[in-house]
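Next comes final.cif, with mmCIF, C-alpha atoms.
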data_entry
#
loop_
_atom_site.label_atom_id
_atom_site.label_comp_id
_atom_site.auth_asym_id
_atom_site.auth_seq_id
_atom_site.Cartn_x
_atom_site.Cartn_y
_atom_site.Cartn_z
CA MET I 1 75.58 89.89 104.13
CA LYS I 2 79.23 90.91 104.47
CA ILE I 3 81.74 90.82 101.60
CA GLY I 4 85.44 91.21 102.29
CA THR I 5 87.29 93.23 99.64
CA ALA I 6 90.59 95.09 100.16
CA GLU I 7 91.97 98.51 101.11
CA HIS I 8 90.10 101.68 100.11
CA SER I 9 90.48 102.63 96.43
CA SER I 10 91.52 99.05 95.61
CA THR I 11 90.26 96.98 92.69
CA PHE I 12 88.55 94.49 95.02
CA GLU I 13 86.67 97.32 96.72
CA ALA I 14 85.43 98.64 93.37
CA GLN I 15 84.26 95.16 92.38
CA GLY I 16 82.67 94.68 95.79
CA PHE I 17 80.56 97.80 95.34
CA ALA I 18 79.44 96.47 91.93
CA LEU I 19 78.28 93.23 93.56
CA GLN I 20 76.57 95.27 96.25
CA SER I 21 74.60 97.11 93.56
CA ILE I 22 73.18 93.90 92.01
CA LEU I 23 72.40 92.36 95.40
CA GLY I 24 70.18 95.12 96.76
CA GLY I 25 72.52 97.92 97.79
CA PRO I 26 74.07 98.91 101.16
CA ASP I 27 70.99 97.85 103.11
CA LYS I 28 71.54 94.27 101.97
CA VAL I 29 75.33 94.05 101.58
CA GLU I 30 78.10 95.50 103.75
CA ILE I 31 81.52 96.01 102.15
CA ILE I 32 84.45 95.22 104.47
CA ASN I 33 87.90 96.72 103.81
CA PRO I 34 90.71 94.57 105.24
CA SER I 35 94.28 95.85 105.06
CA SER I 36 95.76 92.58 103.80
CA ALA I 37 93.06 91.64 101.26
CA SER I 38 93.20 87.95 100.35
CA ILE I 39 94.91 86.78 103.53
CA GLU I 40 92.60 88.61 105.90
CA ASN I 41 89.53 87.66 103.89
CA ALA I 42 90.39 83.97 104.24
CA GLN I 43 90.98 84.39 107.97
CA SER I 44 87.72 86.32 108.38
CA LEU I 45 85.80 83.61 106.54
CA ASP I 46 87.34 81.05 108.87
CA LYS I 47 86.18 83.05 111.90
CA GLY I 48 82.72 83.69 110.46
CA VAL I 49 83.28 87.47 110.40
CA ILE I 50 82.34 87.77 106.71
CA ASP I 51 80.19 85.67 104.38
CA TYR I 52 82.14 86.06 101.13
CA GLY I 53 85.57 87.33 100.25
CA PHE I 54 87.60 88.37 97.23
CA MET I 55 90.87 86.50 96.86
CA ALA I 56 93.59 86.21 94.26
CA ALA I 57 93.86 82.58 93.17
CA ASN I 58 97.46 82.29 94.35
CA TRP I 59 96.33 82.51 98.01
CA ILE I 60 93.44 80.07 98.09
CA GLY I 61 95.55 76.92 97.83
CA LEU I 62 97.82 78.10 100.65
CA ALA I 63 94.78 78.80 102.83
CA ARG I 64 93.23 75.41 102.04
CA GLN I 65 96.45 73.62 103.03
CA GLY I 66 97.24 75.82 106.01
CA LEU I 67 100.61 76.86 104.57
CA ALA I 68 102.35 80.13 105.50
CA PRO I 69 101.17 82.77 106.10
CA PHE I 70 98.18 80.72 107.30
CA THR I 71 98.55 78.82 110.57
CA HIS I 72 95.98 76.10 109.87
CA PRO I 73 93.85 74.83 106.98
CA ILE I 74 90.84 76.95 106.09
CA ASP I 75 87.92 75.13 104.45
CA LEU I 76 87.34 77.51 101.55
CA ARG I 77 84.96 76.92 98.68
CA LEU I 78 84.78 78.72 95.35
CA VAL I 79 81.74 80.72 94.27
CA ALA I 80 82.71 82.40 90.99
CA PRO I 81 85.65 83.80 89.03
CA MET I 82 85.70 87.60 89.17
CA ASN I 83 88.27 88.64 86.58
CA ALA I 84 91.69 88.04 85.09
CA GLY I 85 93.47 91.19 86.19
CA PRO I 86 96.75 92.37 84.61
CA MET I 87 99.48 93.31 87.07
CA PHE I 88 101.97 95.69 85.55
CA PHE I 89 105.08 97.62 86.50
CA ILE I 90 105.16 101.35 85.84
CA ALA I 91 108.04 103.83 85.84
CA ARG I 92 108.48 107.49 85.05
CA ALA I 93 108.75 108.06 81.31
CA ASP I 94 112.11 109.79 81.82
CA SER I 95 113.56 106.88 83.84
CA GLY I 96 114.95 104.98 80.88
CA LEU I 97 113.24 101.80 82.11
CA LYS I 98 111.45 99.86 79.37
CA ASN I 99 111.41 96.21 80.39
CA VAL I 100 110.86 94.31 83.62
CA ARG I 101 114.47 93.15 83.34
CA ASP I 102 115.49 96.80 83.79
CA LEU I 103 114.30 96.60 87.42
CA ALA I 104 117.57 94.91 88.42
CA GLY I 105 119.13 96.98 91.20
CA LYS I 106 116.14 99.37 91.37
CA LYS I 107 113.73 100.39 94.13
CA VAL I 108 110.23 99.05 93.43
CA ALA I 109 107.02 99.66 95.42
CA VAL I 110 105.17 96.34 95.69
CA GLY I 111 102.24 97.01 98.06
CA THR I 112 102.02 96.44 101.78
CA ARG I 113 104.05 93.52 103.12
CA MET I 114 101.18 91.05 103.56
CA SER I 115 99.09 92.19 100.60
CA GLY I 116 98.16 90.12 97.58
CA ILE I 117 100.08 92.42 95.26
CA ALA I 118 103.27 91.88 97.28
CA GLN I 119 102.79 88.14 96.88
CA HIS I 120 102.52 88.61 93.12
CA ALA I 121 105.68 90.68 93.14
CA ARG I 122 107.55 87.85 94.87
CA SER I 123 106.23 85.35 92.33
CA LEU I 124 107.19 87.52 89.35
CA PHE I 125 110.66 88.26 90.72
CA ASP I 126 111.20 84.58 91.55
CA ALA I 127 110.15 83.45 88.08
CA LEU I 128 112.67 85.84 86.53
CA ASP I 129 115.41 85.41 89.19
CA LEU I 130 115.37 89.13 89.90
CA HIS I 131 115.75 88.78 93.68
CA ALA I 132 119.49 88.26 93.24
CA SER I 133 119.85 91.38 91.09
CA GLY I 134 120.01 93.89 93.94
CA LEU I 135 116.36 94.89 93.41
CA GLU I 136 114.91 96.48 96.57
CA GLN I 137 111.23 95.92 97.37
CA ILE I 138 109.50 98.86 99.05
CA PHE I 139 106.45 97.77 101.07
CA VAL I 140 103.90 100.59 100.98
CA ASP I 141 100.25 100.93 100.00
CA PHE I 142 99.24 101.95 96.49
CA GLU I 143 98.71 105.64 97.24
CA THR I 144 102.01 105.99 99.07
CA GLY I 145 103.85 104.12 96.34
CA ALA I 146 102.32 106.33 93.64
CA ALA I 147 103.35 109.47 95.54
CA MET I 148 106.89 108.13 95.95
CA LEU I 149 107.11 107.39 92.23
CA ALA I 150 105.81 110.85 91.35
CA ARG I 151 108.52 112.42 93.54
CA GLY I 152 111.23 110.18 92.16
CA ASP I 153 111.88 108.49 95.52
CA ILE I 154 111.53 105.05 93.90
CA ASP I 155 112.17 103.75 90.40
CA ALA I 156 109.01 101.76 89.71
CA GLN I 157 105.74 100.48 91.14
CA LEU I 158 103.76 97.27 90.66
CA GLN I 159 100.22 98.36 89.92
CA CYS I 160 96.97 96.43 90.23
CA PRO I 161 94.42 96.06 87.42
CA ILE I 162 92.93 99.16 85.87
CA PRO I 163 90.79 101.10 86.19
CA ASN I 164 91.77 102.05 89.72
CA LYS I 165 91.66 105.53 91.24
CA VAL I 166 95.30 105.66 92.28
CA MET I 167 96.60 104.68 88.86
CA SER I 168 94.19 106.99 87.05
CA ALA I 169 95.31 110.00 89.10
CA LEU I 170 99.00 109.16 88.76
CA ASP I 171 98.69 108.62 85.01
CA HIS I 172 96.95 111.99 84.67
CA ASN I 173 99.58 113.88 86.61
CA VAL I 174 102.86 112.17 85.71
CA ASP I 175 104.35 111.00 82.41
CA LEU I 176 104.74 107.24 82.85
CA CYS I 177 105.54 104.09 80.91
CA VAL I 178 104.35 100.52 81.37
CA LEU I 179 107.22 98.03 81.42
CA GLY I 180 107.13 95.14 78.98
CA TYR I 181 108.35 91.53 79.07
CA HIS I 182 110.57 89.58 76.72
CA ASP I 183 108.60 86.70 75.20
CA ASP I 184 110.70 84.07 76.97
CA ASP I 185 110.28 85.86 80.31
CA MET I 186 106.50 85.94 79.94
CA LYS I 187 106.59 82.22 79.17
CA LYS I 188 108.62 81.63 82.35
CA VAL I 189 105.98 83.40 84.46
CA VAL I 190 102.92 81.59 83.10
CA THR I 191 104.69 78.23 82.97
CA ARG I 192 105.91 78.38 86.56
CA TYR I 193 102.63 79.64 88.05
CA SER I 194 99.39 78.13 86.74
CA ILE I 195 97.28 80.92 88.26
CA TYR I 196 98.63 83.40 85.71
CA ARG I 197 97.64 83.84 82.11
CA THR I 198 98.62 86.44 79.52
CA THR I 199 96.41 89.39 78.69
CA LEU I 200 96.76 92.31 76.30
CA MET I 201 96.69 95.84 77.67
CA ARG I 202 95.55 98.10 74.86
CA LYS I 203 97.21 101.28 73.70
CA GLY I 204 95.31 104.29 75.02
CA GLN I 205 93.80 102.62 78.11
CA LEU I 206 96.27 104.84 79.96
CA ARG I 207 98.43 107.72 78.80
CA ALA I 208 101.31 105.47 79.85
CA LEU I 209 100.27 102.79 77.35
CA HIS I 210 101.96 103.92 74.17
CA GLU I 211 101.40 100.57 72.42
CA ASP I 212 99.58 97.28 72.94
CA ILE I 213 101.54 95.30 75.50
CA MET I 214 101.24 91.77 76.92
CA GLN I 215 101.14 91.43 80.69
CA PRO I 216 100.63 88.58 83.17
CA ALA I 217 97.15 88.45 84.68
CA VAL I 218 95.97 86.67 87.81
CA ILE I 219 92.59 85.02 88.21
CA ASN I 220 90.71 86.68 91.06
CA VAL I 221 87.83 84.79 92.64
CA LEU I 222 84.97 85.13 95.08
CA VAL I 223 85.14 82.51 97.83
CA THR I 224 83.15 81.48 100.86
CA HIS I 225 83.49 78.95 103.67
CA ALA I 226 82.26 75.36 103.38
CA ARG I 227 79.81 76.03 106.22
CA GLN I 228 77.93 78.71 104.26
CA SER I 229 74.42 77.47 103.50
CA ILE I 230 73.71 75.93 100.12
CA ASP I 231 70.69 78.17 99.53
CA ASP I 232 72.62 81.33 100.36
CA VAL I 233 75.52 80.46 98.05
CA ALA I 234 73.13 79.43 95.27
CA TYR I 235 71.43 82.83 95.57
CA MET I 236 74.75 84.68 95.38
CA THR I 237 76.02 82.56 92.48
CA SER I 238 72.82 82.96 90.49
CA HIS I 239 72.92 86.74 90.82
CA ILE I 240 76.53 86.91 89.69
CA TYR I 241 76.02 84.60 86.70
CA ARG I 242 72.79 86.27 85.57
CA HIS I 243 74.53 89.67 85.72
CA ARG I 244 77.76 88.52 84.03
CA HIS I 245 77.09 90.86 81.09
CA ASP I 246 75.93 93.73 83.31
CA LEU I 247 78.77 93.75 85.84
CA PRO I 248 81.39 94.95 83.30
CA GLN I 249 79.11 97.92 82.59
CA ILE I 250 78.94 98.75 86.29
CA CYS I 251 82.66 98.19 86.90
CA ALA I 252 85.10 97.82 84.01
CA LEU I 253 87.35 95.64 86.18
CA PHE I 254 85.05 92.70 85.46
CA GLY I 255 86.04 92.93 81.78
CA ASP I 256 84.68 90.09 79.66
CA MET I 257 83.44 88.17 82.67
CA ASN I 258 81.48 85.75 80.51
CA ALA I 259 84.73 84.40 79.04
CA LEU I 260 85.74 83.13 82.48
CA PHE I 261 82.57 81.03 82.75
CA GLU I 262 82.41 79.59 79.23
CA PRO I 263 85.11 76.87 79.63
CA ALA I 264 82.86 75.18 82.21
CA ARG I 265 80.43 74.22 79.43
CA THR I 266 82.96 71.81 77.96
CA GLN I 267 85.39 71.22 80.84
CA GLY I 268 82.90 70.93 83.68
CA PRO I 269 83.27 72.32 87.21
CA HIS I 270 87.05 71.97 87.19
CA ALA I 271 87.19 75.00 84.88
CA LEU I 272 85.88 77.09 87.80
CA GLU I 273 88.13 75.52 90.45
CA PHE I 274 91.66 76.69 91.22
CA GLU I 275 94.54 75.53 93.40
CA GLY I 276 92.66 72.48 94.64
CA VAL I 277 89.72 74.48 96.06
CA ALA I 278 86.35 73.02 95.02
CA LEU I 279 83.13 74.79 94.14
CA HIS I 280 80.69 75.19 96.99
CA GLU I 281 77.75 72.82 96.51
CA GLY I 282 75.41 75.82 96.37
CA ALA I 283 77.42 77.21 93.45
CA ARG I 284 77.36 73.83 91.67
CA GLN I 285 73.59 73.64 92.02
CA ALA I 286 73.15 77.17 90.74
CA TYR I 287 75.34 76.58 87.68
CA ARG I 288 73.43 73.39 86.88
CA THR I 289 70.08 75.17 87.20
CA LEU I 290 71.33 77.99 84.97
CA GLY I 291 72.56 75.55 82.33
CA LEU I 292 76.29 76.22 82.62
CA LEU I 293 77.06 72.77 84.08
CA SER I 294 75.36 69.61 82.89
#
Turn this file's structure into structure tokens for me.
Amino acid sequence: MKIGTAEHSSTFEAQGFALQSILGGPDKVEIINPSSASIENAQSLDKGVIDYGFMAANWIGLARQGLAPFTHPIDLRLVAPMNAGPMFFIARADSGLKNVRDLAGKKVAVGTRMSGIAQHARSLFDALDLHASGLEQIFVDFETGAAMLARGDIDAQLQCPIPNKVMSALDHNVDLCVLGYHDDDMKKVVTRYSIYRTTLMRKGQLRALHEDIMQPAVINVLVTHARQSIDDVAYMTSHIYRHRHDLPQICALFGDMNALFEPARTQGPHALEFEGVALHEGARQAYRTLGLLS
């Protein structure tokens, strides 16, 4: 079995290794590291190169419809929600930057050009009309962006959910701050884009977190192709659901994974479907057998 994740040291890779551990280890599951994460995973599923792939929910609807950057519709199906991951902007503590609005006219590292994190940056900047502010997006990978911030070559960086190795090392070596949002700006983000919800980053999770602070979080999901066999998807889904309390102990990125499943008890399968992409029939059968869906 092959699972597409993202670049090395990424959050998707860390979660992929956690899934690998509950599915029998490296002999049973191969972790694939694409450079453009969600986009490449969708394309690889279409070509039959991988069996499952991690994707941020903002990409799956575009892939299903064949909208840019995809050249044709890809028949994706959902397997399970993985986490609601906060995406947050960081700056040097001595920069004077405190709020996302302070990024106007600044240089901000936003991930590689075709990465999922760069897509989130565009969405956040669009929601807050920051593109017209003179803000300059710097398209580099996480490690390069962190090094640039440490040297003072850029003003800020959009980071992916913690814990991640790049952020942990940067936070250890450099005095940083996490930028906040005005309440009305946070409302603009979650109102404009249904794939985002608010989440609280707790004081002390990083040295840079000097207080509890609300951030937008994106739902990340595990997807497959419609052609994947019902039995295979049911097997994968059952393992994930049965280990929903264990996975956060293996990888903290899964957080309170159970909370992502619980709405399905009252709302039905639609609670586990995003951007018009339906559950794979194998996943539906597994959730019914396990008692999550009636």
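In this structure, atom CA of I:Ile39 sits 27.2 Å away from atom CA of I:Tyr287.
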Take the PyMOL selection byres ((chain I and resi 178) around 10), run it mentally on this structure, and tell me the resulting residues as an NGL selection string. :I and (88-93 or 97-100 or 156-159 or 176-177 or 179-180 or 201 or 206-211 or 213 or 215)
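The result of the PyMOL selection byres ((chain I and resi 289) around 12) on the shown file is I:Ala234, I:Tyr235, I:Thr237, I:Ser238, I:Tyr241, I:Arg242, I:Gly282, I:Ala283, I:Arg284, I:Gln285, I:Ala286, I:Tyr287, I:Arg288, I:Leu290, I:Gly291, I:Leu292, I:Leu293, I:Ser294.
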For the file shown, what are the residues hit by the PyMOL selection byres ((chain I and resi 104) around 10), laid out as a ChimeraX atom specification? /I:100-103,105-108,125,129-136
For I:Leu45, find every residue with an atom within 10 Å (counting all atoms listed in the file), except residues of its own chain fewer than 2 positions away, and show them as a PyMOL selection string. chain I and resi 3-4+40-43+47-53+74-76+223-228
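Restricting the calculation to only C-alpha atoms, the smallest distance between I:Ala118 and any of I:Ile32, I:Ala271, I:Leu253, I:Met87 is found for I:Met87.
Counting from atom CA of I:Glu30, the distance to atom CA of I:Lys2 is 4.8 Å.
The coordinates place atom CA of I:Arg192 at 29.6 Å from atom CA of I:Leu149.
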What's around I:Leu78 at 6 Å? Count all atoms listed in the file, leave out sequence neighbours fewer than 2 positions away in its own chain, and write the answer as a ChimeraX atom specification. /I:223,278-280
The selected residues should be written to file as a PDB file, keeping the file's coordinate frame (atoms: C-alpha atoms).
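Below is the file that was written, again03.pdb:
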ATOM      1  CA  VAL I 223      85.140  82.510  97.830  1.00  0.00           C
ATOM      2  CA  ALA I 278      86.350  73.020  95.020  1.00  0.00           C
ATOM      3  CA  LEU I 279      83.130  74.790  94.140  1.00  0.00           C
ATOM      4  CA  HIS I 280      80.690  75.190  96.990  1.00  0.00           C
TER       5      HIS I 280
END
Across I:Ala68, I:Val190, I:Ile22, I:Val79, the smallest distance to I:Ile230, with all atoms listed in the file counted, is shown by I:Val79
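Nearest residue to I:Arg244, choosing from I:Asn58, I:Met82, I:Ala217, I:Val110 and counting all atoms listed in the file: I:Met82.
Residues having any atom no farther than 9 Å from (81.8, 96.1, 87.6) (counting only C-alpha atoms) are Ala14, Gln15, Gly16, Phe17, Ala18, Leu19, Asp246, Leu247, Pro248, Gln249, Ile250, Cys251, Ala252, Leu253, Phe254 and Gly255 of chain I.
For the choices I:Phe261, I:Tyr193, I:Phe142, I:Tyr181, the atom-to-atom distance to I:Val221 is smallest for I:Phe261 when using all atoms listed in the file.
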So, counting all atoms listed in the file, which residue among I:Pro163, I:Asp94, I:Ser44, I:Pro26 is closest to I:Ser9? I:Pro163
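Taking all atoms listed in the file, the non-local environment of I:Ala6 within 7 Å (same-chain residues fewer than 4 positions away omitted) comprises Ser10, Phe12, Glu13, Asn33, Pro34, Ser35, Ser36 and Ala37 of chain I.
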Can I get the selection written as an mmCIF file, in the coordinates of the input, with C-alpha atoms?
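What ended up in again-v7.cif:
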data_model
loop_
_atom_site.group_PDB
_atom_site.id
_atom_site.type_symbol
_atom_site.label_atom_id
_atom_site.label_comp_id
_atom_site.auth_asym_id
_atom_site.auth_seq_id
_atom_site.Cartn_x
_atom_site.Cartn_y
_atom_site.Cartn_z
ATOM 1 C CA SER I 10 91.520 99.050 95.610
ATOM 2 C CA PHE I 12 88.550 94.490 95.020
ATOM 3 C CA GLU I 13 86.670 97.320 96.720
ATOM 4 C CA ASN I 33 87.900 96.720 103.810
ATOM 5 C CA PRO I 34 90.710 94.570 105.240
ATOM 6 C CA SER I 35 94.280 95.850 105.060
ATOM 7 C CA SER I 36 95.760 92.580 103.800
ATOM 8 C CA ALA I 37 93.060 91.640 101.260
#
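Residue nearest I:Leu23 within the list I:Ala264, I:Asn220, I:His243, I:Ser95: I:His243 [criterion: smallest interatomic distance, all atoms listed in the file].
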Can you patch up stretch 216-246 of chain I, filling it in to N, CA and C atoms, and show the result as a short mmCIF file (atom, residue, chain, number, x, y, z; two decimals), in the frame of the given file?
data_model
loop_
_atom_site.label_atom_id
_atom_site.label_comp_id
_atom_site.auth_asym_id
_atom_site.auth_seq_id
_atom_site.Cartn_x
_atom_site.Cartn_y
_atom_site.Cartn_z
N PRO I 216 101.20 89.70 82.44
CA PRO I 216 100.63 88.58 83.17
C PRO I 216 99.38 89.03 83.93
N ALA I 217 98.40 88.15 83.97
CA ALA I 217 97.15 88.45 84.68
C ALA I 217 96.85 87.32 85.64
N VAL I 218 96.34 87.67 86.81
CA VAL I 218 95.97 86.67 87.81
C VAL I 218 94.46 86.51 87.84
N ILE I 219 94.00 85.27 88.04
CA ILE I 219 92.59 85.02 88.21
C ILE I 219 92.20 85.41 89.64
N ASN I 220 91.26 86.31 89.76
CA ASN I 220 90.71 86.68 91.06
C ASN I 220 89.35 86.03 91.22
N VAL I 221 89.04 85.59 92.42
CA VAL I 221 87.83 84.79 92.64
C VAL I 221 87.06 85.28 93.85
N LEU I 222 85.79 84.92 93.90
CA LEU I 222 84.97 85.13 95.08
C LEU I 222 84.85 83.78 95.78
N VAL I 223 85.16 83.77 97.07
CA VAL I 223 85.14 82.51 97.83
C VAL I 223 84.23 82.66 99.04
N THR I 224 83.90 81.52 99.62
CA THR I 224 83.15 81.48 100.86
C THR I 224 83.70 80.33 101.68
N HIS I 225 83.08 80.07 102.84
CA HIS I 225 83.49 78.95 103.67
C HIS I 225 82.56 77.77 103.40
N ALA I 226 83.06 76.56 103.61
CA ALA I 226 82.26 75.36 103.38
C ALA I 226 80.98 75.35 104.20
N ARG I 227 81.00 76.03 105.35
CA ARG I 227 79.81 76.03 106.22
C ARG I 227 78.67 76.91 105.70
N GLN I 228 78.97 77.81 104.77
CA GLN I 228 77.93 78.71 104.26
C GLN I 228 76.79 77.89 103.67
N SER I 229 75.56 78.29 103.90
CA SER I 229 74.42 77.47 103.50
C SER I 229 74.32 77.35 101.98
N ILE I 230 73.86 76.20 101.55
CA ILE I 230 73.71 75.93 100.12
C ILE I 230 72.78 76.93 99.47
N ASP I 231 71.66 77.24 100.10
CA ASP I 231 70.69 78.17 99.53
C ASP I 231 71.28 79.57 99.38
N ASP I 232 72.05 80.00 100.40
CA ASP I 232 72.62 81.33 100.36
C ASP I 232 73.64 81.44 99.23
N VAL I 233 74.50 80.43 99.09
CA VAL I 233 75.52 80.46 98.05
C VAL I 233 74.88 80.35 96.67
N ALA I 234 73.83 79.54 96.55
CA ALA I 234 73.13 79.43 95.27
C ALA I 234 72.53 80.77 94.86
N TYR I 235 71.99 81.49 95.83
CA TYR I 235 71.43 82.83 95.57
C TYR I 235 72.52 83.78 95.07
N MET I 236 73.64 83.81 95.78
CA MET I 236 74.75 84.68 95.38
C MET I 236 75.26 84.31 93.99
N THR I 237 75.49 83.02 93.77
CA THR I 237 76.02 82.56 92.48
C THR I 237 75.08 82.89 91.33
N SER I 238 73.80 82.68 91.54
CA SER I 238 72.82 82.96 90.49
C SER I 238 72.82 84.43 90.11
N HIS I 239 72.90 85.31 91.11
CA HIS I 239 72.92 86.74 90.82
C HIS I 239 74.17 87.12 90.01
N ILE I 240 75.30 86.59 90.40
CA ILE I 240 76.53 86.91 89.69
C ILE I 240 76.45 86.42 88.24
N TYR I 241 76.04 85.17 88.05
CA TYR I 241 76.02 84.60 86.70
C TYR I 241 74.99 85.31 85.82
N ARG I 242 73.83 85.60 86.37
CA ARG I 242 72.79 86.27 85.57
C ARG I 242 73.20 87.70 85.19
N HIS I 243 74.08 88.29 85.99
CA HIS I 243 74.53 89.67 85.72
C HIS I 243 75.93 89.70 85.11
N ARG I 244 76.39 88.59 84.54
CA ARG I 244 77.76 88.52 84.03
C ARG I 244 78.01 89.49 82.87
N HIS I 245 76.95 89.86 82.16
CA HIS I 245 77.09 90.86 81.09
C HIS I 245 76.89 92.27 81.62
N ASP I 246 76.21 92.41 82.75
CA ASP I 246 75.93 93.73 83.31
C ASP I 246 77.08 94.24 84.18
#
